[in-house]
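Working notes, beginning with the structure itself.
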Protein chains: 2
Amino acid sequence: MHDWWTDLDTLHGRVWDTLVKGVHVRHAAARHVAFATAGQTGGAEARMVVLRGADRAAGKLYAHTDTMSAKVAELRADPRATILVWDAQAHLQIRLKCEVGIDTGDCVAPEWRRIPEPSRRVYGNGDEPGQGMACPEALTVTPDQSRFAVMTCTVREIDALHLGRDMHHRAQYSRSRNWRGRWVTP
Amino acid sequence: MHDWWTDLDTLHGRVWDTLVKGVHVRHAAARHVAFATAGQTGGAEARMVVLRGADRAAGKLYAHTDTMSAKVAELRADPRATILVWDAQAHLQIRLKCEVGIDTGDCVAPEWRRIPEPSRRVYGNGDEPGQGMACPEALTVTPDQSRFAVMTCTVREIDALHLGRDMHHRAQYSRSRNWRGRWVTP
């Protein structure tokens, strides 16, 4: 019986199990994932997003966003993002280099219909996000499907790092190598 | 009695309390923070770092790294990073846009001396991080102070977002406005 982090395939499976659990379990480590994009004037931006889907067979992750959020503009300029998960209990860091597509309108109407009415209020908050306002109460909220977007994150590379007490295990997997793993120096 | 997220100054104080707690409390939300940088060939990179210092008066955060890690090369090309904290219990997201300086050698000898011997093994793992190897056990470990760097993150902008049940509060603070806050659309 080996620990799950000592075998390349088992570790790869654990990565996806962690992601899938994030989609379905409210307080799982990968429920909220860090989503990093290139800043429009250089540097990097990052924010949490809720993981809405994880498809191991396709190597894709899904999240929702407001079409007028800064990340959409950033992704239109450079679609390469990194998704980062830290599972503190498992001592596992997962990094996923992705290329992100943005779908809106009729294509994402089924996803929109599945969103509960109260949650729709985050789409269509009048102004675009990040605009100054006198007070939070000043916000007028009109749910607007045209502001709703699905981000499809096609994973290109996975970097998994397990921080053990005595040894760190780090492995990389890439789509171009058909997800065959290799150990790398931590 | 108002909730802490409804007042600009109280929210700003909470941001720094959260960061300081991350430095001193092992399982605090801001113990491990996401650290995003511009990729060297575009896109964005992100990884967790341990928060080692938080100085509200100076508006600075500190972390340690291996001089041969990819993030050091990325920061030398573009020193603008974003540090991201998600405090799930407080429903608080903190984003800090920083400019990062890297100090090594004699300047950081005091910090090096404070690192316990077992923890020094992550500095100087032979090859630079991310190089292929046959197995994790193949790693030879020789602590090497020349591989140790302190990252000094000078905060330029803070973005704090509280996700309330009925309303979201989002505020921004910038060094150039002497940290005077303003509400922005979430």
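If you're wondering about the labels, chains in the structure tokens are A, B, ... by order shown, residues count from 1 in each chain, ligands from 1 in order shown.
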
Checklist entry - Hey, what's within 6 Å of region 134-151 of chain B if we count only C-alpha atoms and toss same-chain stuff fewer than 2 positions away? As an MDAnalysis selection string, please? => result (chainID A and resid 169 183) or (chainID B and resid 62:67 101:105 120:121 123:125)

Which chain B residues have any atom within 6 Å of an atom of chain A, and for each, what is the nearest pair of atoms with distance in Å to one decimal, counting only C-alpha atoms, rows sorted by chain and number, as a Markdown table?
```
| residue | atom | partner | partner_atom | distance |
| --- | --- | --- | --- | --- |
| B:Ala36 | CA | A:Ala44 | CA | 5.8 |
| B:Thr37 | CA | A:Ala44 | CA | 4.9 |
| B:Ala38 | CA | A:Ala44 | CA | 5.0 |
| B:Gly43 | CA | A:Arg80 | CA | 4.6 |
| B:Ala44 | CA | A:Thr37 | CA | 4.9 |
| B:Glu45 | CA | A:Thr82 | CA | 5.7 |
| B:Arg80 | CA | A:Gly43 | CA | 4.6 |
| B:Ala81 | CA | A:Ala44 | CA | 5.6 |
| B:Thr82 | CA | A:Glu45 | CA | 5.7 |
| B:Pro129 | CA | A:Thr185 | CA | 4.9 |
| B:Gly130 | CA | A:Val184 | CA | 5.0 |
| B:Gln131 | CA | A:Val184 | CA | 5.0 |
| B:Gly132 | CA | A:Val184 | CA | 4.2 |
| B:Met133 | CA | A:Val184 | CA | 5.4 |
| B:Cys135 | CA | A:Trp183 | CA | 6.0 |
| B:Pro136 | CA | A:His169 | CA | 5.9 |
| B:His169 | CA | A:Pro136 | CA | 5.9 |
| B:Trp183 | CA | A:Met133 | CA | 5.6 |
| B:Val184 | CA | A:Gly132 | CA | 4.2 |
| B:Thr185 | CA | A:Pro129 | CA | 4.9 |
| B:Pro186 | CA | A:Pro129 | CA | 5.3 |
```

Checklist entry - Suppose you want the space between CA of Tyr173 (chain A) and CA of Lys71 (chain A); what is it in Å? => result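 Those two atoms sit 26.0 Å apart.
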
Checklist entry - In region 49-173 of chain B, what's strand (DSSP E or B) per DSSP? Answer as a PyMOL selection string? => result chain B and resi 49-50+53-55+60-66+80-87+92-104+132-133+148-163+168-173

Those selected residues, please, written with C-alpha atoms and delivered as an mmCIF file, in the first residue's frame.
```
data_model
loop_
_atom_site.group_PDB
_atom_site.id
_atom_site.type_symbol
_atom_site.label_atom_id
_atom_site.label_comp_id
_atom_site.auth_asym_id
_atom_site.auth_seq_id
_atom_site.Cartn_x
_atom_site.Cartn_y
_atom_site.Cartn_z
ATOM 1 C CA VAL B 49 3.429 31.084 -0.740
ATOM 2 C CA VAL B 50 3.620 31.196 3.033
ATOM 3 C CA GLY B 53 5.455 39.134 7.446
ATOM 4 C CA ALA B 54 2.718 41.798 7.255
ATOM 5 C CA ASP B 55 3.455 45.412 8.132
ATOM 6 C CA LYS B 60 4.327 45.648 3.014
ATOM 7 C CA LEU B 61 4.087 41.877 2.957
ATOM 8 C CA TYR B 62 6.951 39.396 3.083
ATOM 9 C CA ALA B 63 7.494 35.876 1.792
ATOM 10 C CA HIS B 64 10.477 33.610 1.162
ATOM 11 C CA THR B 65 11.478 31.828 -1.999
ATOM 12 C CA ASP B 66 14.204 29.910 -3.778
ATOM 13 C CA ARG B 80 4.057 43.449 -10.427
ATOM 14 C CA ALA B 81 2.301 40.628 -8.594
ATOM 15 C CA THR B 82 -1.135 40.101 -7.112
ATOM 16 C CA ILE B 83 -1.533 38.430 -3.730
ATOM 17 C CA LEU B 84 -4.915 36.823 -3.176
ATOM 18 C CA VAL B 85 -6.487 35.687 0.080
ATOM 19 C CA TRP B 86 -9.806 33.905 0.475
ATOM 20 C CA ASP B 87 -11.089 33.733 4.033
ATOM 21 C CA LEU B 92 -13.889 37.810 2.573
ATOM 22 C CA GLN B 93 -11.715 38.012 -0.526
ATOM 23 C CA ILE B 94 -8.621 40.217 -0.348
ATOM 24 C CA ARG B 95 -6.605 41.181 -3.413
ATOM 25 C CA LEU B 96 -3.366 43.089 -3.082
ATOM 26 C CA LYS B 97 -1.557 44.524 -6.054
ATOM 27 C CA CYS B 98 2.105 44.678 -5.164
ATOM 28 C CA GLU B 99 5.487 45.536 -6.506
ATOM 29 C CA VAL B 100 7.942 42.899 -5.412
ATOM 30 C CA GLY B 101 11.596 43.343 -4.565
ATOM 31 C CA ILE B 102 13.936 40.370 -4.145
ATOM 32 C CA ASP B 103 16.705 40.397 -1.571
ATOM 33 C CA THR B 104 19.406 37.771 -1.204
ATOM 34 C CA GLY B 132 12.661 16.413 -14.610
ATOM 35 C CA MET B 133 13.994 13.639 -12.377
ATOM 36 C CA PHE B 148 17.421 31.877 -0.214
ATOM 37 C CA ALA B 149 15.532 35.071 -1.090
ATOM 38 C CA VAL B 150 13.148 37.359 0.731
ATOM 39 C CA MET B 151 10.353 38.864 -1.366
ATOM 40 C CA THR B 152 9.298 42.296 -0.140
ATOM 41 C CA CYS B 153 5.863 43.058 -1.531
ATOM 42 C CA THR B 154 5.051 46.761 -1.470
ATOM 43 C CA VAL B 155 1.275 46.980 -1.641
ATOM 44 C CA ARG B 156 -0.049 49.532 -4.152
ATOM 45 C CA GLU B 157 -3.771 48.702 -4.160
ATOM 46 C CA ILE B 158 -6.095 46.686 -1.960
ATOM 47 C CA ASP B 159 -9.418 45.308 -3.158
ATOM 48 C CA ALA B 160 -11.644 43.846 -0.422
ATOM 49 C CA LEU B 161 -14.850 41.996 -1.235
ATOM 50 C CA HIS B 162 -17.262 40.718 1.375
ATOM 51 C CA LEU B 163 -19.833 38.265 0.075
ATOM 52 C CA HIS B 168 -21.906 42.183 -1.477
ATOM 53 C CA HIS B 169 -19.604 44.936 -0.234
ATOM 54 C CA ARG B 170 -16.514 45.755 -2.257
ATOM 55 C CA ALA B 171 -14.006 48.466 -1.424
ATOM 56 C CA GLN B 172 -10.717 49.656 -2.836
ATOM 57 C CA TYR B 173 -7.822 51.359 -1.083
#
```

Checklist outcome for this item: Computed gap from CA of Ala30 (chain B) to CA of Leu51 (chain B) is 7.1 Å
